[in-house]
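J.: Here it is: the structure, laid out below.
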Amino acid sequence: MGKMQVGAGAAPAVRLGGGLIVKVLIAGGAGFIGSTVASRLLDAGHTPVVIDNLITGRREFCYGRIFHEGDVADAALVDDVLDRHPDIEAVVHCAALTVVPDSVARPVDYYRANVAVTLEFVDRLLTHGVRRLIFSSSASIYEPDPDLAVDETSPLRAGNPYAHTKLVVERMLADIAASSPLRVLSLRYFNPIGADPALRTGLQLAAPSHALGRLIHAYRTGEPFPVAGLDWPTHDGSGLRDYVHVWDLATAHLRALERFDDLFPAGAPGHAAINLGTGTGSTVLELVAAFNTLVDRPVAVTEAPRRPGDTVGAYTRSRLARDLLGWRAERDLTVGITDSLAWSRRRERLLPDLAVPLHRLAG
């Protein structure tokens, strides 16, 4: 298929599950989620094209894949990629800064990387007639109900600069989609854990900020695990999360591409949002308890202050992903922990600079 042109007839249906092989541009495809989405597309027989500036992504995750190094705000680069690959049918935008405490300390950097860069990127997509965009959003934009559950109709109230950037981008994309042929599906992630089951990719940060990453780091170094606050309004005082396996998230992107055109029939609004979670909330202390049943030596817990930008958390009660995408999370918390542990053993061979120094390992 050739390049889609703005103002042309109806876009050809992207039926990935129906035997059509397509190219999908993945912005941020060298990061944790983007690289896993790329792996899922490859396994389904499709062709990811990756753009990543490698600020947090890893070159190693792009071996054997079509990879263009650079920032998606670089108009010349994006133009070149889209000119080289005129058969790209859809774009998945995962490129972002994502660490909540850092966003509190460096909001300018986060608004620039997450909002301004996205605006420049989308401007180039519009110029090239791209009509299908999947945006990696976040469930952190919600104000949860008293039971800490949310669905796509819940009030929106971002609790930190990172979440604000996701909410601003969603609103910006909705405005753009309302006045152009671009159609945007925002997938609102809850809390990704796990790794590619084939261990090709996984969490690539030296100092993970999310609970399971910090818990594995504590286990490997023999240090106690600091729980950020034990005064949250949950049954045990620790924060609550909906831990969803990253491979399930990647599968949701595949399903979204398969059904994309069905989500936006003629006359439908140009922006839609779908939650991606398990529908089950687990507290941080419950995460620790589950973790300790899977390792040879339990990790001790210590109380720590709340981190800047922390919130109590939420879980999804939505069935929209099942109804619209035919998707539901298949991997539970235990599988997510097990795959994360397997990746932590694998990653220092694939990413040797992230190996834990031997003198810090316990016993």
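Identifiers in this document derive from the order of the structure tokens: chains are assigned A, B, ..., residues are numbered from 1 separately in each chain, and ligands are numbered from 1 in order of occurrence.
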Skipping near chain neighbours, those fewer than 6 positions away, what residues fall within 12 Å of range 213-225 of chain A using only C-alpha atoms, listed as a PyMOL selection string?

T.: chain A and resi 191-195+202-207+284-285+287-292+294-304+336-345+354-363

J.: Write out as a ChimeraX atom specification which residues come within 8 Å of range 262-277 of chain A when counting only C-alpha atoms, dropping same-chain ones fewer than 5 positions away.

T.: /A:139,151-152,173-174,177-178,181-191,242-244,249,252,315-316,318,320-321,324,329

J.: Select, from A:Val22, A:Phe67, A:Ala95, A:Glu258, the residue with the minimum atom-to-atom distance to Ile55 in chain A, counting only C-alpha atoms.

T.: A:Ala95

J.: What separation in Å, quoted to one decimal, exists between CA of Asp87 in chain A and CA of Ala113 in chain A?

T.: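 Distance reported for this atom pair: 27.3 Å.
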
J.: Find, counting only C-alpha atoms, the residue in A:Leu240, A:Leu254, A:Gly326, A:Ile33 that gets nearest to Thr47 in chain A.

T.: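 Looking at the shortest contact to Thr47 in chain A, the residue is A:Leu254.
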
J.: Which of range 163-356 of chain A counts as strand (DSSP E or B) under DSSP, as a ChimeraX atom specification please?

T.: /A:183-189,191-193,225-228,240-241,243-245,271-276,282-283,301-304,315-316

J.: Can you tell me, as number ranges by chain, what residues are no more than 6 Å from Arg157 in chain A when counting only C-alpha atoms, ignoring any on the same chain fewer than 4 positions away?

T.: A: 141-143

J.: Would you mind exporting the chosen residues as an mmCIF file, in the first residue's frame, restricted to all heavy atoms?

T.:
```cif
data_model
loop_
_atom_site.group_PDB
_atom_site.id
_atom_site.type_symbol
_atom_site.label_atom_id
_atom_site.label_comp_id
_atom_site.auth_asym_id
_atom_site.auth_seq_id
_atom_site.Cartn_x
_atom_site.Cartn_y
_atom_site.Cartn_z
ATOM 1 N N ILE A 141 -4.019 9.864 35.295
ATOM 2 C CA ILE A 141 -4.784 11.097 35.055
ATOM 3 C C ILE A 141 -6.139 11.084 35.755
ATOM 4 O O ILE A 141 -6.830 12.096 35.781
ATOM 5 C CB ILE A 141 -4.982 11.345 33.550
ATOM 6 C CG1 ILE A 141 -5.894 10.298 32.922
ATOM 7 C CG2 ILE A 141 -3.637 11.405 32.841
ATOM 8 C CD1 ILE A 141 -6.204 10.553 31.454
ATOM 9 N N TYR A 142 -6.537 9.942 36.348
ATOM 10 C CA TYR A 142 -7.862 9.833 36.951
ATOM 11 C C TYR A 142 -7.903 10.293 38.401
ATOM 12 O O TYR A 142 -6.912 10.187 39.136
ATOM 13 C CB TYR A 142 -8.323 8.372 36.947
ATOM 14 C CG TYR A 142 -8.735 7.828 35.609
ATOM 15 C CD1 TYR A 142 -8.055 6.749 35.045
ATOM 16 C CD2 TYR A 142 -9.816 8.354 34.918
ATOM 17 C CE1 TYR A 142 -8.436 6.217 33.823
ATOM 18 C CE2 TYR A 142 -10.200 7.829 33.691
ATOM 19 C CZ TYR A 142 -9.511 6.764 33.156
ATOM 20 O OH TYR A 142 -9.891 6.241 31.947
ATOM 21 N N GLU A 143 -9.086 10.740 38.807
ATOM 22 C CA GLU A 143 -9.401 10.892 40.221
ATOM 23 C C GLU A 143 -10.215 9.660 40.617
ATOM 24 O O GLU A 143 -11.360 9.501 40.177
ATOM 25 C CB GLU A 143 -10.217 12.145 40.482
ATOM 26 C CG GLU A 143 -10.581 12.319 41.953
ATOM 27 C CD GLU A 143 -11.336 13.615 42.213
ATOM 28 O OE1 GLU A 143 -11.652 14.329 41.237
ATOM 29 O OE2 GLU A 143 -11.621 13.895 43.385
#
```

J.: Out of A:Leu133, A:Leu119, A:Ala163, A:Leu257, which residue has the shortest atom-to-atom distance to Ser103 in chain A when counting only C-alpha atoms?

T.: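 Once distances to Ser103 in chain A are computed over only C-alpha atoms, the minimum belongs to A:Ala163.
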
J.: In range 121-345 of chain A, what's alpha helix (DSSP H) per DSSP? Answer as a count of residues only?

T.: 77

J.: Find the residues around Arg328 in chain A up to 8 Å (only C-alpha atoms counted), leave out those fewer than 3 positions away in its own chain, and share them as a PyMOL selection string.

T.: chain A and resi 248+278+321-322

J.: Need the shell around Pro146 in chain A: protein/DNA/RNA residues with any atom at most 12 Å away, counting only C-alpha atoms. Skip same-chain ones fewer than 2 positions apart. Format as a list in words?

T.: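 Here the qualifying residues turn out to be Glu143, Pro144, Leu148, Ala149, Val150, Ser154, Pro233, Thr234, Val312, Gly313, Ala314 and Tyr315 of chain A.
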
J.: Find the residue from A:Val227, A:Met172, A:Ile26, A:Ala198 that sits nearest to Val81 in chain A; use only C-alpha atoms when measuring.

T.: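 Once distances to Val81 in chain A are computed over only C-alpha atoms, the minimum belongs to A:Ile26.
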
J.: Of the candidates A:Arg346, A:Arg200, A:Arg84, A:His68, which shows the shortest atom-to-atom distance to Asn53 in chain A, using only C-alpha atoms?

T.: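 Closest to Asn53 in chain A, using only C-alpha atoms: A:His68.
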
J.: CA of Gly45 in chain A and CA of Thr251 in chain A, how far apart in Å?

T.: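 Between CA of Thr251 in chain A and CA of Gly45 in chain A the gap is 13.3 Å.
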
J.: Quick check, in Å to one decimal: how far apart do CA of Pro161 in chain A and CA of Gly57 in chain A lie?

T.: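 Spanning CA of Pro161 in chain A to CA of Gly57 in chain A is a straight-line distance of 21.4 Å.
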
J.: Give me, as a list in words, all polymer residues having an atom no more than 8 Å from Phe61 in chain A, counting only C-alpha atoms and skipping those fewer than 2 positions away in the same chain.

T.: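 Here the answer would be Ala30, Gly31, Ser35, Gly57, Arg58, Arg59, Tyr63, Arg200 and Thr201 of chain A.
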
J.: Using only C-alpha atoms, which residue out of A:Leu351, A:Leu325, A:Leu212, A:Ala105 lies closest to Pro308 in chain A?

T.: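 Among A:Leu351, A:Leu325, A:Leu212, A:Ala105, it is A:Ala105 that comes nearest to Pro308 in chain A.
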